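K.L.:
Pasting a structure below so you can have a look.
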Amino acid sequence: MRAVVTLATAVAVLLLLPAAAAAKDRRGAALYAANCASCHGLNGQGVPSATPGVNGVDGQGPPLRGVGARAADFYLRTGYMPLANAHDQPSRKHVVFTEPEIRALVRYVASLGTGPPVPTPHPGSVSAGLRLFTDHCAGCHQAVAQGGYVTGARVPPLTDATDRQIAEAVRVGPYLMPRFSTKAITPAQLNDIVAYVGYARHPDDRGGWAIGHLGPWPEGAVTWLLAAAALLGICTLLGRRLRT
Amino acid sequence: MTKLRDWLIAAGVLLLGRGSPPAPRESRPRIVAPGEPDRRAENIVLFLFVLATIAAAAFIAVYALDRLSHQTQWLGLAIGGAFALLALAGTVIAHRLVVTEELVEPYPEDSPDAQDEIVQIVEESGSRFTRKRLVTVVGAGALGTIGAALLAPAASLGPLLHTGELYRTTWRRGRRLVDEGGTPFSADAIEEGTFYTAYPEGADRELVGSPIVVVRLPPAEIRDRKDWAPRGIVAYSKICTHAGCAVALYRKPTFAAVQPRPALVCPCHYSTFDPAAGGAVLFGPAGRPLPQLPLEIDRAGNLRASGTFSGPVGPSWWGVRMGKARS
Amino acid sequence: MIRRIVRFLDQRTGTAPLLKKSLRYLFPDHWSFLLGEVALYCFVLLVLTGIYLTFFFDDSVAQMTYHGSYRPLDGSTVSHAYASVLHISFDVKAGLLIRQTHHWAANVFVAAIVLHVLRVFFTGAFRKPRDLTYLLGLGMLMLALLEGYAGYSLADDLLSGMGLAIGYSVAMSIPFVGANLANLIWDGPFPGSSSFWPRLFIAHVLVLPVLIGGLLAAHLVLVASRHHTQFKRSARESERHVVGIPAFPGQAPRSIGLMFWVFAVLFLLGGLVQINPVWLWGPYHVGDGTNGAQPDWYLGWLIGALRLVPGFDLTIGHYTLVPNPFWGGALFPGVVFGILILWPWLERKVTGDDAFHNLLERPRDNPWRTAIGVAILTWVFLIFVSGSADRVDVLFGIDYATQIWVYRVAIWVVPLIALFVTKRVCDELVAGERRR
């Protein structure tokens with residue numbers, strides 16, 4: 001009896017799976033059509049020049065064929081996409097989609113051609129990662145990943161990024177960031193970089209209050225707003241004030 | 001036992017006693033103005049001194065034990081606190097325990113009489129000279145020349161007159177491009193949309209003429225020196241021509257229709273260079289384009305320099321346009 | 001007891017009359033007269049903590065493979081100098097406290113000097129007979145900037161190494177002689193020979209401190225010999241008579257108290273607020289760069305100037321007369337210090353006032369000096385702020401290139417506005433007082 005029930009359940013699941021999958025695909029396609037198609041095209045073929053769209057927003061965006069689950073997962077989970085205006089720099093913001101919606105969208109984009117899957121970073125060496133990060137990343141992202149500026153764009157700090165998002169961004173090269181393939185940065189090296197960024201979130205601050213890890217800016221602010229202010233106050237305590 | 005009691009009594013007298021009465025002296029008028037005692041302020045000062053002692057002792061203890069987490073913070077609090085307590089004590093003494101007299105005194109004047117006498121002494125001393133101006137001038141010449149002679153060895157500090165080294169670079173025709181680890185770069189390893197730092201094989205990396213940045217562009221996009229860019233691979237000096245920082249930034253457009261073209265950027269003052277146009281300056285304070293290194297692909301498929309830089313590397317000086325880069 | 005000491009001293013040195021005079025030397029009482037002392041005590045602490053650091057620092061820029069206490073740098077190629085600074089920070093007990101206190105003291109030292117110079121300028125204390133004292137003080141300010149720059153560059157970390165490259169480029173940019181001068185200082189092209197680091201070290205621990213110390217001694221002797229200036233508070237103060245608190249007993253606890261306050265602030269900062277964590281920046285290499293590299297605050301005016309100047313080298317045919325960094329890196333500070341140095345003479349020439357002045361003016365009492373001073377300060381301050389335009393872009397999203405253009409106009413327009421507004425405010429304040 002038990003065997004019959006198990007068999008029946010198995011058959012039912014197998015019959016329903018494609019339906020469930022189809023439902024998911026339909027949901028992904030629906031979400032895509034509603035949120036992405038105006039810039040990325042109906043089947044992910046891209047919109048090369050500004051095309052007037054709904055609500056007076058011009059659609060314009062690169063093709064998504066072959067970008068794979070990796071890129072979609074990155075752009076959606078960081079909130080980079082959807083982007084209100086094609087000319088804006090994508091930046092980390094509140095994610096409007098729910099978890100099942102993100103999964104559906106990622107699935108859908110991945111289905112638009114063969115592309116790389118979502119990566120899974122593994123533990124790496126912080127010291128090797130430090131050297132790799134200095135060579136490839138620090139110029140834009142700053143020595144301890146506090147972000148910065150490159151002509152034409154803000155470079156985000158990496159303190160809010162998850163390990164997976166770091167791994168994705170390195171390969172994807174979002175917006176103006178270079179993209180580093182496995183030839184340029186091997187998978188082992190990528191793990192090292194992820195390990196270093198993880199360290200940089202809470203680095204060795206044995207000197208005290210780290211004031212943002214930004215170097216001479218906050219140090220100058222402390223010099224004037226804390227030390228000089230305190231010493232000026234102390235001087236007024238010790239010396240007389242001029243009463244006219 | 002009685003000895004211990006004597007010591008304790010002595011300590012008590014020292015701490016709580018009123019101190020010794022002033023020794024009788026001949027009655028002299030007071031120099032320092034008198035003031036009322038303020039025992040409360042005195043007690044505050046004593047208390048602060050004790051606290052400062054404890055803080056300073058805490059510093060010694062924390063230092064010696066060397067076991068606390070946030071060791072540096074505790075040390076700083078202890079010694080900083082000790083000084084702050086002493087400072088507070090000093091402030092209380094200044095306001096309450098010493099007299100703040102306000103006295104008047106004349107400002108010093110200059111002394112015209114002494115000035116005159118000095119001039120007189122000097123003039124009278126020179127009265128035996130018949131040709132004062134000549135002696136002074138020739139003497140000054142001698143002393144000045146000795147001064148110059150003593151300063152001359154300062155020229156040994158560096159190649160004062162030989163600025164030719166500034167044109168030299170470690171790159172020459174046939175030098176292979178290698179990465180940080182010494183592995184040669186093959187042309188196939190260079191992909192579009194990213195950047196690579198390369199060094200000349202076998203040469204000192206810590207010279208401004210050594211590090212280069214390599215990028216790959218679609219050959220059709222390269223506008224200048226197309227024969228320096230095999231398969232669209234271009235190489236430039238990594239040292240900014242403005243103020244010598246490493247040009248460690250590269251931006252590439254994901255969607256070229258709305259995003260800026262590829263560029264090499266320097267993090268110091270944001271000089272921006274166009275790799276497709278011979279390193280021309282797109283933005284920022286650099287006064288010269290980034291020197292370009294011509295490349296070729298050897299039979300093994302590795303990248304080599306096919307000559308030296310298009311111009312001297314590094315920041316400008318008076319002769320930077322008066323010579324070519326030399327190997 | 002005291003009598004025994006005093007008799008011992010006077011019998012052997014003959015200084016009792018001088019000592020007696022010093023004990024009753026008068027200090028006019030105003031809080032702003034203490035700013036110079038704050039700088040002095042910072043210098044004292046700098047020398048004491050600095051001597052301690054020299055017992056551990058290795059002034060060699062030869063490379064080695066790091067295997068010390070800071071694990072993330074394990075296996076990295078660093079210089080001996082950098083490794084010794086890590087050793088001080090991680091292994092020497094209280095080493096990090098002393099190192100951080102030393103660096104905070106340097107930052108606060110220059111800030112105190114700047115506040116002191118502002119007070120001296122805006123109250124007219126630099127006028128005869130104190131113009132020489134004022135020049136000595138400016139000399140110390142210039143040396144302090146150089147000294148701080150040399151000090152934080154000794155660690156050979158990525159941030160300060162980039163700063164040294166920029167310093168080299170500014171030297172190179174001097175017309176006619178730049179390359180020769182840079183070659184001399186660095187013993188060849190950047191990064192220089194193995195002699196350069198010992199030179200930097202000796203400059204920082206011996207030559208510059210001795211020069212500053214000498215100027216300081218002369219400065220203090222002159223201040224004491226001419227007596228301190230004073231505000232006119234009552235009928236007693238005049239150009240002929242100084243009113244003040246005698247050194248002993250009145251001023252001594254204030255000054256000693258101030259010294260302890262300064263030490264307290266600096267040691268508290270040294271222990272509680274991290275400064276220059278060179279292990280996070282990593283070692284300097286010619287081919288490495290990081291975003292957000294800045295000099296210490298007192299050189300921020302120069303990075304602003306370097307970023308604002310448009311991109312051009314001034315050439316005559318093939319001869320490069322003025323390479324770009326010269327304008328912002330050398331001419332700009334030269335102009336500012338030139339104005340400061342020449343000011344007493346300029347003021348005398350323009351106003352025709354050649355007299356001795358022992359009384360100070362309140363800023364409002366000399367509206368033109370105050371207005372011009374505020375204008376120049378505004379000019380320098382705006383250039384200083386422009387050096388942070390990239391951080392402003394990152395924090396507030398205001399486009400960097402746009403900011404640069406706005407600053408290029410603002411640094412000339414806003415000081416003029418400040419000039420007229422300040423003059424007006426001074427005049428109004430004085431008029432308001434007269435009415436009362």
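Residues are named by chain letter and number: chains run A, B, ... in the order of the structure tokens, numbers start at 1 in each chain, and ligands are numbered from 1 in the order shown.
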If we count only C-alpha atoms and set the cut-off at 9 Å, which residues sit around range 232-237 of chain A, ignoring sequence neighbours fewer than 5 positions away in its own chain? Please answer as a list in words.
P.N.:
Ala227 of chain A; Thr91 of chain B; His30, Trp31, Ser32, Phe33, Leu34, Leu35, Val38, Leu258 and Trp261 of chain C
K.L.:
Based on only C-alpha atoms, which of the residues in chain C come within 8 Å of chain A? I want them as a ChimeraX atom specification.
P.N.:
/C:29-32,34-35,38,71-76,96-97,100,104,107-108,111-112,233,254,258,261-262,265-266,270-277,280-282,288-297,390-391,393-394,397,400
K.L.:
If I take CA of His40 in chain A and CA of Leu64 in chain A, how far is one from the other in Å, to one decimal?
P.N.:
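Interatomic distance here is 6.8 Å.
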K.L.:
What does the structure give for the distance between CA of Met140 in chain C and CA of Leu331 in chain C, in Å to one decimal?
P.N.:
19.6 Å
K.L.:
Could you list, as an NGL selection string, every residue of chain B that has an atom within 9 Å of an atom of chain A, counting only C-alpha atoms?
P.N.:
:B and (69-73 or 91 or 94-95 or 180 or 189-197 or 246-260 or 262-263 or 265-267 or 270-272 or 283)
K.L.:
Determine, counting only C-alpha atoms, which protein, DNA and RNA residues have an atom within 10 Å of an atom of Pro108 in chain B; residues of the same chain fewer than 5 positions away are not included. Present the result as a VMD selection string.
P.N.:
chain C and resid 225 to 227 240 to 242
K.L.:
Keeping N, CA and C atoms, export the residues of the selection given above as a short mmCIF file (atom, residue, chain, number, x, y, z; two decimals), in the first residue's frame.
P.N.:
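Saved file out.cif follows:
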```cif
data_model
loop_
_atom_site.label_atom_id
_atom_site.label_comp_id
_atom_site.auth_asym_id
_atom_site.auth_seq_id
_atom_site.Cartn_x
_atom_site.Cartn_y
_atom_site.Cartn_z
N SER C 225 61.47 89.47 24.65
CA SER C 225 62.24 90.70 24.71
C SER C 225 61.38 91.92 24.38
N ARG C 226 60.49 91.83 23.41
CA ARG C 226 59.63 92.94 23.06
C ARG C 226 58.37 92.97 23.91
N HIS C 227 58.12 91.96 24.68
CA HIS C 227 56.91 91.77 25.46
C HIS C 227 55.72 91.53 24.53
N ARG C 240 52.70 102.41 25.71
CA ARG C 240 53.90 102.50 26.52
C ARG C 240 53.92 101.51 27.66
N HIS C 241 52.72 101.04 28.10
CA HIS C 241 52.69 100.18 29.28
C HIS C 241 51.90 98.92 29.03
N VAL C 242 52.49 97.80 29.44
CA VAL C 242 51.81 96.53 29.26
C VAL C 242 51.19 96.10 30.58
#
```
K.L.:
Identify, on the basis of only C-alpha atoms, every residue whose closest approach to range 41-47 of chain B does not exceed 9 Å; exclude the query and any residue fewer than 2 positions from it along the same chain; express the result as an mmCIF file with C-alpha atoms, in the first residue's frame.
P.N.:
```cif
data_model
loop_
_atom_site.group_PDB
_atom_site.id
_atom_site.type_symbol
_atom_site.label_atom_id
_atom_site.label_comp_id
_atom_site.auth_asym_id
_atom_site.auth_seq_id
_atom_site.Cartn_x
_atom_site.Cartn_y
_atom_site.Cartn_z
ATOM 1 C CA PRO B 37 43.019 80.338 51.119
ATOM 2 C CA ASP B 38 40.472 78.071 49.472
ATOM 3 C CA ARG B 39 40.488 74.698 51.193
ATOM 4 C CA PHE B 49 46.237 64.473 41.789
ATOM 5 C CA VAL B 50 45.239 61.147 43.337
ATOM 6 C CA LEU B 51 43.075 60.265 40.348
ATOM 7 C CA ALA B 52 45.892 61.216 37.973
ATOM 8 C CA LEU B 86 46.613 67.022 35.924
ATOM 9 C CA LEU B 88 42.247 70.106 35.379
ATOM 10 C CA ALA B 89 44.192 70.412 38.621
ATOM 11 C CA GLY B 90 46.362 73.082 37.006
ATOM 12 C CA VAL B 92 41.777 74.869 39.371
ATOM 13 C CA ILE B 93 45.059 76.102 40.814
ATOM 14 C CA ARG B 96 41.399 79.474 42.683
ATOM 15 C CA LEU B 97 44.692 78.814 44.365
#
```
K.L.:
Residues at most 6 Å from range 25-37 of chain A, counting only C-alpha atoms, excluding those fewer than 6 positions away in the same chain, as a list of chain:residue names?
P.N.:
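Residues near the query, excluding close chain neighbours: A:Ala104, A:Leu105, A:Tyr108.
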K.L.:
Can you pull out every residue within 9 Å of range 314-319 of chain B, counting only C-alpha atoms, but drop anything in the same chain fewer than 3 positions away, and send it as a PyMOL selection string?
P.N.:
(chain B and resi 163+166+208-209+237-245+286-288+290-291+322-323) or (chain C and resi 166+168-179+190+313+315+318-325)
K.L.:
Store the residues of this selection in a file with N, CA and C atoms, as a compact mmCIF listing (two decimals), in the first residue's frame.
P.N.:
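Produced file result_21.txt, reproduced below:
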```txt
# COMPACT_ATOMS: atom_id res chain seq x y z
N THR B 163 70.43 65.27 -17.17
CA THR B 163 69.01 64.90 -17.14
C THR B 163 68.70 63.86 -18.20
N LEU B 166 66.39 60.81 -17.67
CA LEU B 166 64.93 60.98 -17.66
C LEU B 166 64.29 60.47 -18.95
N VAL B 208 59.94 54.30 -13.17
CA VAL B 208 58.74 54.84 -13.82
C VAL B 208 58.61 54.36 -15.26
N GLY B 209 59.71 53.97 -15.87
CA GLY B 209 59.64 53.53 -17.26
C GLY B 209 59.17 52.11 -17.42
N SER B 237 52.27 53.61 -21.15
CA SER B 237 52.95 53.75 -19.87
C SER B 237 51.89 53.90 -18.77
N LYS B 238 52.12 53.24 -17.63
CA LYS B 238 51.13 53.31 -16.56
C LYS B 238 51.37 54.54 -15.67
N ILE B 239 52.40 55.31 -15.98
CA ILE B 239 52.72 56.45 -15.11
C ILE B 239 52.16 57.73 -15.72
N CYS B 240 51.31 58.39 -14.96
CA CYS B 240 50.59 59.56 -15.46
C CYS B 240 51.56 60.67 -15.83
N THR B 241 51.29 61.34 -16.95
CA THR B 241 52.18 62.40 -17.41
C THR B 241 51.95 63.71 -16.65
N HIS B 242 50.98 63.71 -15.72
CA HIS B 242 50.74 64.92 -14.95
C HIS B 242 51.63 64.95 -13.72
N ALA B 243 51.42 64.01 -12.80
CA ALA B 243 52.20 64.05 -11.56
C ALA B 243 52.69 62.69 -11.09
N GLY B 244 52.82 61.74 -12.03
CA GLY B 244 53.55 60.52 -11.69
C GLY B 244 52.82 59.41 -10.95
N CYS B 245 51.50 59.55 -10.74
CA CYS B 245 50.80 58.45 -10.09
C CYS B 245 50.55 57.33 -11.10
N ALA B 286 46.46 66.73 -17.05
CA ALA B 286 47.69 66.27 -17.72
C ALA B 286 47.97 67.13 -18.94
N GLY B 287 49.23 67.48 -19.15
CA GLY B 287 49.60 68.33 -20.27
C GLY B 287 50.14 67.56 -21.46
N ARG B 288 50.33 66.24 -21.30
CA ARG B 288 50.84 65.43 -22.40
C ARG B 288 50.03 64.15 -22.48
N LEU B 290 49.42 60.09 -22.83
CA LEU B 290 50.12 58.97 -22.19
C LEU B 290 51.05 58.34 -23.24
N PRO B 291 52.33 58.16 -22.94
CA PRO B 291 53.23 57.58 -23.95
C PRO B 291 52.80 56.17 -24.33
N MET B 322 62.09 67.70 -25.78
CA MET B 322 63.31 67.96 -26.55
C MET B 322 64.05 66.69 -26.89
N GLY B 323 63.52 65.55 -26.52
CA GLY B 323 64.21 64.30 -26.84
C GLY B 323 63.22 63.17 -26.94
N ILE C 166 53.96 62.84 -6.52
CA ILE C 166 53.42 64.15 -6.86
C ILE C 166 54.40 65.25 -6.46
N TYR C 168 57.59 64.98 -6.32
CA TYR C 168 58.64 64.91 -7.33
C TYR C 168 58.21 65.64 -8.59
N SER C 169 56.97 65.42 -9.01
CA SER C 169 56.48 66.04 -10.24
C SER C 169 56.40 67.56 -10.10
N VAL C 170 56.05 68.04 -8.91
CA VAL C 170 56.02 69.49 -8.70
C VAL C 170 57.43 70.05 -8.79
N ALA C 171 58.40 69.34 -8.19
CA ALA C 171 59.79 69.78 -8.30
C ALA C 171 60.21 69.81 -9.76
N MET C 172 59.86 68.76 -10.50
CA MET C 172 60.22 68.68 -11.92
C MET C 172 59.61 69.83 -12.71
N SER C 173 58.47 70.34 -12.23
CA SER C 173 57.74 71.32 -13.04
C SER C 173 58.28 72.73 -12.90
N ILE C 174 59.25 72.93 -12.03
CA ILE C 174 59.78 74.28 -11.86
C ILE C 174 60.49 74.68 -13.15
N PRO C 175 60.18 75.87 -13.68
CA PRO C 175 60.76 76.26 -14.98
C PRO C 175 62.29 76.30 -14.91
N PHE C 176 62.92 75.93 -15.97
CA PHE C 176 64.36 75.95 -16.19
C PHE C 176 65.14 74.96 -15.35
N VAL C 177 64.85 74.87 -14.06
CA VAL C 177 65.74 74.08 -13.18
C VAL C 177 65.05 72.87 -12.56
N GLY C 178 63.77 72.67 -12.85
CA GLY C 178 63.01 71.64 -12.16
C GLY C 178 63.63 70.26 -12.20
N ALA C 179 63.96 69.79 -13.41
CA ALA C 179 64.49 68.43 -13.53
C ALA C 179 65.82 68.30 -12.80
N PHE C 190 62.73 59.47 -10.48
CA PHE C 190 61.86 58.84 -9.51
C PHE C 190 61.82 57.34 -9.72
N ASP C 313 50.62 72.11 -20.78
CA ASP C 313 51.99 72.48 -20.46
C ASP C 313 52.29 73.72 -21.28
N THR C 315 54.51 75.72 -23.48
CA THR C 315 55.74 75.43 -24.24
C THR C 315 56.11 76.58 -25.16
N HIS C 318 59.92 73.50 -28.71
CA HIS C 318 60.12 72.21 -28.03
C HIS C 318 60.45 72.39 -26.57
N TYR C 319 60.67 73.64 -26.14
CA TYR C 319 61.06 73.85 -24.75
C TYR C 319 59.81 73.95 -23.88
N THR C 320 59.73 73.09 -22.87
CA THR C 320 58.57 73.13 -21.99
C THR C 320 58.87 74.11 -20.88
N LEU C 321 58.29 75.30 -21.00
CA LEU C 321 58.61 76.35 -20.04
C LEU C 321 57.96 76.10 -18.69
N VAL C 322 56.67 75.82 -18.70
CA VAL C 322 55.96 75.60 -17.44
C VAL C 322 55.11 74.33 -17.52
N PRO C 323 55.64 73.21 -17.01
CA PRO C 323 54.80 72.00 -16.94
C PRO C 323 53.61 72.24 -16.01
N ASN C 324 52.55 71.51 -16.24
CA ASN C 324 51.29 71.79 -15.57
C ASN C 324 51.32 71.87 -14.05
N PRO C 325 51.98 70.92 -13.33
CA PRO C 325 51.87 70.95 -11.87
C PRO C 325 52.45 72.21 -11.22
```
K.L.:
Please identify which residues in range 178-242 of chain A DSSP calls alpha helix (DSSP H) from the backbone, and express them as a VMD selection string.
P.N.:
chain A and resid 187 to 201 216 to 222 229 to 238
K.L.:
Output C-alpha atoms for every residue in that selection, as a PDB file, in the first residue's frame.
P.N.:
```
ATOM      1  CA  PRO A 187      38.299  30.944 -10.085  1.00  0.00           C
ATOM      2  CA  ALA A 188      40.813  30.410  -7.257  1.00  0.00           C
ATOM      3  CA  GLN A 189      41.936  34.026  -7.563  1.00  0.00           C
ATOM      4  CA  LEU A 190      38.318  35.177  -7.497  1.00  0.00           C
ATOM      5  CA  ASN A 191      37.819  33.337  -4.218  1.00  0.00           C
ATOM      6  CA  ASP A 192      40.857  35.168  -2.871  1.00  0.00           C
ATOM      7  CA  ILE A 193      39.457  38.540  -3.933  1.00  0.00           C
ATOM      8  CA  VAL A 194      36.116  37.722  -2.327  1.00  0.00           C
ATOM      9  CA  ALA A 195      37.963  36.715   0.841  1.00  0.00           C
ATOM     10  CA  TYR A 196      39.828  40.028   0.871  1.00  0.00           C
ATOM     11  CA  VAL A 197      36.672  42.088   0.381  1.00  0.00           C
ATOM     12  CA  GLY A 198      35.132  40.113   3.233  1.00  0.00           C
ATOM     13  CA  TYR A 199      38.078  41.111   5.391  1.00  0.00           C
ATOM     14  CA  ALA A 200      37.818  44.715   4.253  1.00  0.00           C
ATOM     15  CA  ARG A 201      34.295  44.900   5.668  1.00  0.00           C
ATOM     16  CA  PRO A 216      43.340  62.012   5.547  1.00  0.00           C
ATOM     17  CA  TRP A 217      39.807  63.375   4.946  1.00  0.00           C
ATOM     18  CA  PRO A 218      38.255  62.242   8.207  1.00  0.00           C
ATOM     19  CA  GLU A 219      41.633  62.660   9.940  1.00  0.00           C
ATOM     20  CA  GLY A 220      41.595  66.334   8.969  1.00  0.00           C
ATOM     21  CA  ALA A 221      37.996  66.623  10.090  1.00  0.00           C
ATOM     22  CA  VAL A 222      38.898  65.179  13.503  1.00  0.00           C
ATOM     23  CA  ALA A 229      37.696  72.876  18.741  1.00  0.00           C
ATOM     24  CA  ALA A 230      38.514  71.297  22.117  1.00  0.00           C
ATOM     25  CA  LEU A 231      41.772  73.200  22.440  1.00  0.00           C
ATOM     26  CA  LEU A 232      40.095  76.485  21.501  1.00  0.00           C
ATOM     27  CA  GLY A 233      37.529  75.793  24.179  1.00  0.00           C
ATOM     28  CA  ILE A 234      40.281  75.038  26.687  1.00  0.00           C
ATOM     29  CA  CYS A 235      42.026  78.306  25.807  1.00  0.00           C
ATOM     30  CA  THR A 236      38.846  80.257  26.532  1.00  0.00           C
ATOM     31  CA  LEU A 237      38.659  78.406  29.849  1.00  0.00           C
ATOM     32  CA  LEU A 238      42.177  79.429  30.814  1.00  0.00           C
TER      33      LEU A 238
END
```
K.L.:
With only C-alpha atoms as the atoms that count, which of C:Thr133, C:Ser79, C:Phe90, C:Leu53 lies nearest to Ala217 in chain C?
P.N.:
C:Thr133
K.L.:
Could you pull out the strand (DSSP E) residues of range 18-242 of chain A from DSSP and send them as a PyMOL selection string?
P.N.:
chain A and resi 47-52+58-61+148-150+153-155
K.L.:
Please identify all polymer residues within 7 Å of Ala155 in chain C, counting only C-alpha atoms, omitting same-chain residues fewer than 6 positions from it, and present them as a list of chain:residue names.
P.N.:
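Everything that qualifies: C:Ala81, C:Tyr82, C:Val85.
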